[in-house]
file my_file.cif (mmCIF, C-alpha atoms)
data_entry
#
loop_
_atom_site.group_PDB
_atom_site.id
_atom_site.type_symbol
_atom_site.label_atom_id
_atom_site.label_comp_id
_atom_site.auth_asym_id
_atom_site.auth_seq_id
_atom_site.Cartn_x
_atom_site.Cartn_y
_atom_site.Cartn_z
ATOM 1 C CA MET A 5 -8.596 10.323 -13.660
ATOM 2 C CA ILE A 6 -8.151 7.679 -11.007
ATOM 3 C CA LYS A 7 -6.502 4.462 -12.049
ATOM 4 C CA LEU A 8 -6.488 1.353 -9.927
ATOM 5 C CA ILE A 9 -3.938 -1.287 -10.917
ATOM 6 C CA CYS A 10 -4.482 -4.622 -9.224
ATOM 7 C CA ILE A 11 -2.314 -7.693 -9.409
ATOM 8 C CA GLY A 12 -4.709 -10.601 -9.757
ATOM 9 C CA LYS A 13 -8.403 -10.927 -10.451
ATOM 10 C CA ILE A 14 -11.363 -10.932 -8.105
ATOM 11 C CA LYS A 15 -12.646 -14.495 -7.994
ATOM 12 C CA ASP A 16 -15.576 -14.082 -5.596
ATOM 13 C CA SER A 17 -18.664 -12.823 -7.466
ATOM 14 C CA ASN A 18 -20.147 -11.187 -4.349
ATOM 15 C CA LEU A 19 -16.967 -9.248 -3.694
ATOM 16 C CA LYS A 20 -16.739 -8.262 -7.374
ATOM 17 C CA SER A 21 -20.319 -6.995 -7.249
ATOM 18 C CA LEU A 22 -19.545 -4.744 -4.256
ATOM 19 C CA ILE A 23 -16.403 -3.391 -5.926
ATOM 20 C CA ASP A 24 -18.301 -2.717 -9.147
ATOM 21 C CA ASP A 25 -21.007 -0.899 -7.178
ATOM 22 C CA TYR A 26 -18.476 1.464 -5.561
ATOM 23 C CA THR A 27 -16.704 1.978 -8.886
ATOM 24 C CA LYS A 28 -19.995 3.112 -10.449
ATOM 25 C CA LYS A 29 -20.594 5.461 -7.518
ATOM 26 C CA ILE A 30 -17.102 6.954 -7.915
ATOM 27 C CA ASN A 31 -17.750 7.507 -11.634
ATOM 28 C CA ARG A 32 -20.452 10.029 -10.683
ATOM 29 C CA TYR A 33 -17.664 12.225 -9.306
ATOM 30 C CA HIS A 34 -14.582 11.285 -11.256
ATOM 31 C CA LYS A 35 -13.520 8.868 -13.950
ATOM 32 C CA ILE A 36 -12.006 5.666 -12.564
ATOM 33 C CA GLU A 37 -10.357 2.850 -14.454
ATOM 34 C CA VAL A 38 -9.604 -0.551 -12.925
ATOM 35 C CA ILE A 39 -6.808 -2.555 -14.535
ATOM 36 C CA GLU A 40 -6.105 -6.115 -13.516
ATOM 37 C CA VAL A 41 -2.723 -7.613 -14.344
ATOM 38 C CA LYS A 42 -1.923 -11.303 -14.163
ATOM 39 C CA ASP A 43 -0.603 -12.633 -10.902
ATOM 40 C CA GLU A 44 2.090 -15.298 -10.952
ATOM 41 C CA PRO A 45 1.750 -18.710 -9.400
ATOM 42 C CA ILE A 46 3.934 -18.858 -6.308
ATOM 43 C CA LYS A 47 7.061 -20.802 -7.079
ATOM 44 C CA ASP A 48 10.301 -21.423 -5.240
ATOM 45 C CA ASN A 49 11.773 -18.023 -6.097
ATOM 46 C CA GLU A 50 9.455 -15.408 -4.610
ATOM 47 C CA LYS A 51 11.666 -12.537 -5.777
ATOM 48 C CA ASN A 52 11.121 -13.566 -9.412
ATOM 49 C CA VAL A 53 7.359 -13.647 -8.835
ATOM 50 C CA LEU A 54 7.445 -10.170 -7.294
ATOM 51 C CA ASP A 55 9.603 -8.842 -10.145
ATOM 52 C CA LEU A 56 7.290 -10.246 -12.838
ATOM 53 C CA GLU A 57 4.194 -8.835 -11.150
ATOM 54 C CA ALA A 58 5.872 -5.467 -10.574
ATOM 55 C CA ASN A 59 6.890 -5.217 -14.231
ATOM 56 C CA ARG A 60 3.337 -5.961 -15.354
ATOM 57 C CA ALA A 61 1.993 -3.215 -13.113
ATOM 58 C CA LEU A 62 4.712 -0.749 -14.138
ATOM 59 C CA SER A 63 3.878 -1.287 -17.810
ATOM 60 C CA LYS A 64 0.455 0.260 -17.095
ATOM 61 C CA ILE A 65 1.876 3.420 -15.465
ATOM 62 C CA ASP A 66 2.851 6.554 -17.399
ATOM 63 C CA ASN A 67 5.636 8.893 -16.275
ATOM 64 C CA ASP A 68 3.251 11.742 -15.412
ATOM 65 C CA GLU A 69 1.089 9.738 -12.998
ATOM 66 C CA TYR A 70 1.170 10.125 -9.246
ATOM 67 C CA VAL A 71 1.460 6.600 -7.864
ATOM 68 C CA ILE A 72 0.080 5.574 -4.497
ATOM 69 C CA LEU A 73 1.139 2.113 -3.479
ATOM 70 C CA LEU A 74 -0.934 0.161 -0.972
ATOM 71 C CA ASP A 75 1.777 -1.033 1.364
ATOM 72 C CA LEU A 76 1.956 -2.504 4.856
ATOM 73 C CA HIS A 77 5.027 -0.302 5.414
ATOM 74 C CA GLY A 78 3.314 2.897 4.284
ATOM 75 C CA LYS A 79 1.712 5.737 6.208
ATOM 76 C CA THR A 80 -1.815 5.667 7.569
ATOM 77 C CA LEU A 81 -4.360 8.408 6.965
ATOM 78 C CA ASP A 82 -7.837 8.815 8.334
ATOM 79 C CA SER A 83 -10.679 9.307 5.848
ATOM 80 C CA VAL A 84 -10.639 13.108 6.004
ATOM 81 C CA GLU A 85 -6.849 13.251 5.580
ATOM 82 C CA PHE A 86 -7.136 10.850 2.642
ATOM 83 C CA ALA A 87 -9.851 12.991 1.023
ATOM 84 C CA ASN A 88 -7.804 16.164 1.455
ATOM 85 C CA ARG A 89 -4.690 14.484 0.026
ATOM 86 C CA LEU A 90 -6.626 13.409 -3.079
ATOM 87 C CA ASP A 91 -8.083 16.895 -3.465
ATOM 88 C CA LYS A 92 -4.625 18.489 -3.345
ATOM 89 C CA LEU A 93 -3.117 15.903 -5.688
ATOM 90 C CA PHE A 94 -5.701 16.631 -8.371
ATOM 91 C CA ILE A 95 -4.430 20.226 -8.485
ATOM 92 C CA ASN A 96 -1.068 19.047 -9.852
ATOM 93 C CA TYR A 97 -1.814 15.665 -11.417
ATOM 94 C CA SER A 98 -4.408 14.616 -13.969
ATOM 95 C CA LYS A 99 -3.912 10.930 -13.094
ATOM 96 C CA ILE A 100 -3.653 9.409 -9.666
ATOM 97 C CA THR A 101 -2.824 5.726 -9.762
ATOM 98 C CA PHE A 102 -3.288 3.296 -6.913
ATOM 99 C CA VAL A 103 -1.471 -0.040 -7.021
ATOM 100 C CA ILE A 104 -2.474 -3.112 -5.037
ATOM 101 C CA GLY A 105 0.145 -5.846 -5.013
ATOM 102 C CA GLY A 106 -0.368 -9.573 -5.197
ATOM 103 C CA SER A 107 -0.477 -12.114 -2.410
ATOM 104 C CA LEU A 108 3.302 -12.028 -1.909
ATOM 105 C CA GLY A 109 3.493 -8.272 -1.700
ATOM 106 C CA LEU A 110 5.336 -5.729 -3.832
ATOM 107 C CA GLY A 111 8.350 -5.894 -6.112
ATOM 108 C CA GLU A 112 11.271 -3.548 -5.474
ATOM 109 C CA GLN A 113 10.866 -1.642 -8.766
ATOM 110 C CA LEU A 114 7.242 -0.896 -7.922
ATOM 111 C CA ILE A 115 8.230 0.386 -4.483
ATOM 112 C CA LYS A 116 10.852 2.644 -6.078
ATOM 113 C CA ARG A 117 8.287 4.071 -8.540
ATOM 114 C CA ALA A 118 5.762 4.967 -5.849
ATOM 115 C CA ASN A 119 5.272 8.616 -4.965
ATOM 116 C CA TYR A 120 3.468 7.655 -1.770
ATOM 117 C CA ARG A 121 3.015 4.459 0.206
ATOM 118 C CA LEU A 122 -0.377 4.137 1.888
ATOM 119 C CA LYS A 123 -1.117 1.728 4.707
ATOM 120 C CA LEU A 124 -4.814 1.020 5.191
ATOM 121 C CA SER A 125 -4.461 -0.624 8.592
ATOM 122 C CA ASP A 126 -2.113 -2.407 10.945
ATOM 123 C CA MET A 127 -4.083 -5.519 10.040
ATOM 124 C CA THR A 128 -3.285 -7.580 6.980
ATOM 125 C CA PHE A 129 -6.086 -8.029 4.427
ATOM 126 C CA LEU A 130 -6.442 -10.309 1.449
ATOM 127 C CA HIS A 131 -5.383 -8.256 -1.560
ATOM 128 C CA GLN A 132 -8.878 -8.811 -2.987
ATOM 129 C CA MET A 133 -10.454 -7.298 0.152
ATOM 130 C CA THR A 134 -8.000 -4.422 -0.056
ATOM 131 C CA ARG A 135 -9.538 -3.454 -3.385
ATOM 132 C CA LEU A 136 -13.002 -3.197 -1.821
ATOM 133 C CA ILE A 137 -11.728 -1.169 1.130
ATOM 134 C CA LEU A 138 -9.837 1.183 -1.199
ATOM 135 C CA VAL A 139 -12.740 1.904 -3.560
ATOM 136 C CA GLU A 140 -15.019 2.483 -0.577
ATOM 137 C CA GLN A 141 -12.536 5.015 0.823
ATOM 138 C CA ILE A 142 -12.184 6.765 -2.547
ATOM 139 C CA TYR A 143 -15.980 7.045 -2.729
ATOM 140 C CA ARG A 144 -16.092 8.295 0.868
ATOM 141 C CA SER A 145 -13.475 10.917 -0.059
ATOM 142 C CA PHE A 146 -15.688 12.365 -2.765
ATOM 143 C CA LYS A 147 -18.633 12.464 -0.348
ATOM 144 C CA ILE A 148 -16.446 14.299 2.198
ATOM 145 C CA LEU A 149 -15.071 16.758 -0.374
ATOM 146 C CA ASN A 150 -18.583 17.552 -1.628
ATOM 147 C CA ASN A 151 -19.988 17.961 1.901
ATOM 148 C CA GLU A 152 -22.480 15.171 1.259
ATOM 149 C CA THR A 153 -23.793 12.852 3.940
ATOM 150 C CA TYR A 154 -22.548 9.315 4.042
ATOM 151 C CA HIS A 155 -22.989 6.710 6.762
ATOM 152 C CA LYS A 156 -20.270 6.474 9.371
#
call {"tool": "encode", "arguments": {"input": "my_file.cif", "output": "structure tokens"}}
result
Amino acid sequence: MIKLICIGKIKDSNLKSLIDDYTKKINRYHKIEVIEVKDEPIKDNEKNVLDLEANRALSKIDNDEYVILLDLHGKTLDSVEFANRLDKLFINYSKITFVIGGSLGLGEQLIKRANYRLKLSDMTFLHQMTRLILVEQIYRSFKILNNETYHK
């Protein structure tokens, strides 16, 4: 199972429609669950906001899950490397969980829990756009692993 934990909701209906479309496509290959946890309004103390959001995300993660954190300080992979990593992870783990932080980033406890920190790009994306990019890459991974054509 693939689990995607996202801090905050998708507000744009067009973006939500695209994400839902890729999620349905992924479900043809593997079960995927998307969990949205509440994001905090940004207040004076950003550390408290990050801690609250991290705790909400952590409450959705079991001990036996492999956690991949989307992180600007993580490692980059190309699409084939990403597909191969997922393929190998499914040998040892029944659940692979991706976590996308909120607009302020990631709380320290969430960073500590991560098994792997993935950087999508040197560019910074809205966390809502990150969700679309991630589900597209997960779908692309299944196409790659099944030797199926997919546009480049």
call {"tool": "residues_around", "arguments": {"input": "my_file.cif", "residues": "Ser21 in chain A", "least_positions_apart": "6", "cutoff": "10 Å", "atoms": "all atoms listed in the file", "output": "list in words"}}
result
Ile14, Thr27 and Leu136 of chain A
call {"tool": "write_last_selection", "arguments": {"input": "my_file.cif", "atoms": "C-alpha atoms", "output": "PDB file, keeping the file's coordinate frame"}}
result
ATOM      1  CA  ILE A  14     -11.363 -10.932  -8.105  1.00  0.00           C
ATOM      2  CA  THR A  27     -16.704   1.978  -8.886  1.00  0.00           C
ATOM      3  CA  LEU A 136     -13.002  -3.197  -1.821  1.00  0.00           C
TER       4      LEU A 136
END
call {"tool": "atom_distance", "arguments": {"input": "my_file.cif", "atom1": "CA of Leu90 in chain A", "atom2": "CA of Leu110 in chain A"}}
result
22.6 Å
call {"tool": "atom_distance", "arguments": {"input": "my_file.cif", "atom1": "CA of Phe129 in chain A", "atom2": "CA of Leu108 in chain A"}}
result
12.0 Å
call {"tool": "residues_around", "arguments": {"input": "my_file.cif", "residues": "Asn18 in chain A", "least_positions_apart": "4", "cutoff": "12 Å", "atoms": "only C-alpha atoms", "output": "number ranges by chain"}}
result
A: 14, 22-25, 132-133, 136
call {"tool": "atom_distance", "arguments": {"input": "my_file.cif", "atom1": "CA of Ala61 in chain A", "atom2": "CA of Ile9 in chain A"}}
result
6.6 Å
call {"tool": "closest_atom_pairs", "arguments": {"input": "my_file.cif", "of": "range 44-99 of chain A", "to": "range 139-155 of chain A", "cutoff": "7 Å", "atoms": "all atoms listed in the file", "output": "Markdown table"}}
result
| residue | atom | partner | partner_atom | distance |
| --- | --- | --- | --- | --- |
| A:Ser83 | CA | A:Ser145 | CA | 6.7 |
| A:Phe86 | CA | A:Ser145 | CA | 6.9 |
| A:Ala87 | CA | A:Ser145 | CA | 4.3 |
call {"tool": "residues_around", "arguments": {"input": "my_file.cif", "residues": "Thr80 in chain A", "least_positions_apart": "2", "cutoff": "12 Å", "atoms": "only C-alpha atoms", "output": "PDB file with C-alpha atoms, keeping the file's coordinate frame"}}
result
ATOM      1  CA  LEU A  73       1.139   2.113  -3.479  1.00  0.00           C
ATOM      2  CA  LEU A  74      -0.934   0.161  -0.972  1.00  0.00           C
ATOM      3  CA  ASP A  75       1.777  -1.033   1.364  1.00  0.00           C
ATOM      4  CA  LEU A  76       1.956  -2.504   4.856  1.00  0.00           C
ATOM      5  CA  HIS A  77       5.027  -0.302   5.414  1.00  0.00           C
ATOM      6  CA  GLY A  78       3.314   2.897   4.284  1.00  0.00           C
ATOM      7  CA  ASP A  82      -7.837   8.815   8.334  1.00  0.00           C
ATOM      8  CA  SER A  83     -10.679   9.307   5.848  1.00  0.00           C
ATOM      9  CA  VAL A  84     -10.639  13.108   6.004  1.00  0.00           C
ATOM     10  CA  GLU A  85      -6.849  13.251   5.580  1.00  0.00           C
ATOM     11  CA  PHE A  86      -7.136  10.850   2.642  1.00  0.00           C
ATOM     12  CA  ARG A  89      -4.690  14.484   0.026  1.00  0.00           C
ATOM     13  CA  TYR A 120       3.468   7.655  -1.770  1.00  0.00           C
ATOM     14  CA  ARG A 121       3.015   4.459   0.206  1.00  0.00           C
ATOM     15  CA  LEU A 122      -0.377   4.137   1.888  1.00  0.00           C
ATOM     16  CA  LYS A 123      -1.117   1.728   4.707  1.00  0.00           C
ATOM     17  CA  LEU A 124      -4.814   1.020   5.191  1.00  0.00           C
ATOM     18  CA  SER A 125      -4.461  -0.624   8.592  1.00  0.00           C
ATOM     19  CA  ASP A 126      -2.113  -2.407  10.945  1.00  0.00           C
ATOM     20  CA  MET A 127      -4.083  -5.519  10.040  1.00  0.00           C
TER      21      MET A 127
END
call {"tool": "residues_around", "arguments": {"input": "my_file.cif", "residues": "Arg117 in chain A", "least_positions_apart": "2", "cutoff": "9 Å", "atoms": "all atoms listed in the file", "output": "list of chain:residue names"}}
result
A:Leu62, A:Val71, A:Leu73, A:Glu112, A:Gln113, A:Leu114, A:Ile115, A:Asn119
call {"tool": "axis_aligned_box", "arguments": {"input": "my_file.cif", "around": "range 69-75 of chain A", "padding_each_side": "5 Å", "output": "JSON"}}
result
{"center_x": 0.4, "center_y": 4.5, "center_z": -5.8, "size_x": 12.7, "size_y": 21.2, "size_z": 24.4}
call {"tool": "residues_near_point", "arguments": {"input": "my_file.cif", "point": "(-5.9, -13.0, -10.8)", "cutoff": "7 Å", "atoms": "only C-alpha atoms", "output": "ChimeraX atom specification"}}
result
/A:11-14,42-43
call {"tool": "resolve_selection", "arguments": {"input": "my_file.cif", "expression": "the PyMOL selection byres ((chain A and resi 98) around 10)", "output": "mmCIF file with C-alpha atoms, in the coordinates of the input"}}
result
data_model
loop_
_atom_site.group_PDB
_atom_site.id
_atom_site.type_symbol
_atom_site.label_atom_id
_atom_site.label_comp_id
_atom_site.auth_asym_id
_atom_site.auth_seq_id
_atom_site.Cartn_x
_atom_site.Cartn_y
_atom_site.Cartn_z
ATOM 1 C CA MET A 5 -8.596 10.323 -13.660
ATOM 2 C CA ILE A 6 -8.151 7.679 -11.007
ATOM 3 C CA ASP A 68 3.251 11.742 -15.412
ATOM 4 C CA GLU A 69 1.089 9.738 -12.998
ATOM 5 C CA TYR A 70 1.170 10.125 -9.246
ATOM 6 C CA LEU A 93 -3.117 15.903 -5.688
ATOM 7 C CA PHE A 94 -5.701 16.631 -8.371
ATOM 8 C CA ILE A 95 -4.430 20.226 -8.485
ATOM 9 C CA ASN A 96 -1.068 19.047 -9.852
ATOM 10 C CA TYR A 97 -1.814 15.665 -11.417
ATOM 11 C CA LYS A 99 -3.912 10.930 -13.094
ATOM 12 C CA ILE A 100 -3.653 9.409 -9.666
ATOM 13 C CA THR A 101 -2.824 5.726 -9.762
#
call {"tool": "residues_around", "arguments": {"input": "my_file.cif", "residues": "Cys10 in chain A", "least_positions_apart": "6", "cutoff": "7 Å", "atoms": "all atoms listed in the file", "output": "MDAnalysis selection string"}}
result
chainID A and resid 39:41 103:105
call {"tool": "write_last_selection", "arguments": {"input": "my_file.cif", "atoms": "C-alpha atoms", "output": "JSON list (two decimals), in the frame of the given file"}}
result
[["chain", "number", "residue", "atom", "x", "y", "z"],
["A", 39, "ILE", "CA", -6.81, -2.56, -14.54],
["A", 40, "GLU", "CA", -6.10, -6.12, -13.52],
["A", 41, "VAL", "CA", -2.72, -7.61, -14.34],
["A", 103, "VAL", "CA", -1.47, -0.04, -7.02],
["A", 104, "ILE", "CA", -2.47, -3.11, -5.04],
["A", 105, "GLY", "CA", 0.14, -5.85, -5.01]]
call {"tool": "closest_residue", "arguments": {"input": "my_file.cif", "among": "A:Leu130, A:Leu81, A:Leu8, A:Ala118", "to": "Ile36 in chain A", "atoms": "all atoms listed in the file"}}
result
A:Leu8
call {"tool": "resolve_selection", "arguments": {"input": "my_file.cif", "expression": "the PyMOL selection byres ((chain A and resi 54) around 8)", "output": "ChimeraX atom specification"}}
result
/A:50-53,55-58,108-112
